[in-house]
Amino acid sequence: MTKIYTAKAPETLRATPQLPASKSISNRALTISALACRDDESCRGMLYDEGRLPENLSDCDDTAVMLRALRDISAPSPEKTEPKVIDIGAAGTAMRFMTALLAVSDGEFTLTGTERMKHRPIGILVGALQQLGADIRYEGTDGFPPLRIKGQPLNGGTVEMQGSVSSQYISAILMIAPVLRNGLELRLRGDIVSKPYIDLTLWMMREFGAEAGWTSGNTIAVKAGGYKNRPYLIENDWSAASYWYEMMALTADEDAEIRLPGLHDSSKQGDAAVRYIFSMLGVKTEVVSRNEERGTRSEVVLRKSNRTAPRLDYDFVNSPDLVQTVVVTCVAKGIPFHFRGLQSLRIKETDRINALIEELKKMGFIVRVEGDSDLVWDGDRCEPSFAPIDTYEDHRMALSFAPLALIFPEISIRNPQVVTKSYPHFWDELQRAGFDLQES
């Protein structure tokens, strides 16, 4: 039976929600830690030992999938010739990262996922890995999962990839580069999208002792030499913070205050750009740091500024996961927009461009697409149906539409449990913030 949550907003908004740890950092930390422990006798069993995992690891579905997959890889093989089956469900990040990791891991594997995952392209990454000598073949349609991977040592060398592909393809191949015999020179052609995510990967690689960095505007060099295992503390998630920015932008409470612990002012997360974007949407950000026994802790404090741009034109090429949040905020506040850099939204958990257009019609807003991927709103309206918002198995649809309860009498979300992919406790945090939540 399909579940529906109906949310009604409080008149005043005072909240200190517990944000999830960064999914992007967690999944990278797990991948790099697994590579660091491969040849380190002191920690080879770390994936079975909760005490050896990175600290503040995300508890979202995607990270749970990564952790389970890494344990499956490490588990002793039964006495049979069939490959191990690694099922990553609907976790796109895990599919990309595991494809590269399995290519350099001992054993033979079948990497698969949900039916939707079997229609999400992987060919660009597979092709790049095959250039390095990886033994990967398709078990179904060429260019798509499932994959049959026979792990083996790879020499490395020079690889070219299109810079406009998903940054997760690029991050996946970069993270295995230190364990390649000759390291890696990665040349990116054309425009580079989501560059902050590539920079985040390189920064984390260096945190674990790798020598990696840009040598020119489009070339990255990674030296051979592996990683050094180390304790690692994962910061909280700026993407999850964006929904609280949206609530601050939409609330009518002029004295509203939201405190978000565990966010870093100097964060390498690309979605930390939410601070700048929402400064144009009426939200003021203050970063407060305090010294504690275990080191400096910081939190972000949100308040209303009531200074909003009359129109917003923005290129989301470096922060595509913020698009749904910002689109919904803008229409709700009556701010026309033209958003670019949305190419990757077509191949996410769903076609997010079409999903946004269809669901915003239910609330009375007519957003249109220009070209293949630009989203434009000039203030056009239609008669709203206020039918429940469909989530398309996409966590960010539920997360970005729920704050509309602050401008409408209520908002209904179908299949609200999809938030577990990135923010498992979101609905609990809404209730703690004073939202009334009814299930039907």
# chains A, B, ... in the order shown; residues from 1 in each chain; ligands from 1
call {"tool": "closest_atom_pairs", "arguments": {"of": "segment 108-153 of chain A", "to": "segment 348-366 of chain A", "cutoff": "10 Å", "atoms": "only C-alpha atoms", "output": "tab-separated table"}}
result
residue	atom	partner	partner_atom	distance
A:Arg116	CA	A:Glu349	CA	7.7
A:Met117	CA	A:Glu349	CA	8.2
A:Arg120	CA	A:Lys348	CA	7.9
call {"tool": "select_by_dssp", "arguments": {"residues": "segment 33-207 of chain A", "states": "strand (DSSP E)", "output": "VMD selection string"}}
result
chain A and resid 84 to 87 107 to 112 135 to 138 147 to 151 157 to 162 184 to 189
call {"tool": "residues_around", "arguments": {"residues": "Glu299 of chain A", "least_positions_apart": "2", "cutoff": "6 Å", "atoms": "only C-alpha atoms", "output": "VMD selection string"}}
result
chain A and resid 260 to 263 287 to 288
call {"tool": "closest_residue", "arguments": {"among": "A:Ala128, A:Met95, A:Ala210, A:Ile149", "to": "Gly107 of chain A", "atoms": "only C-alpha atoms"}}
result
A:Ile149
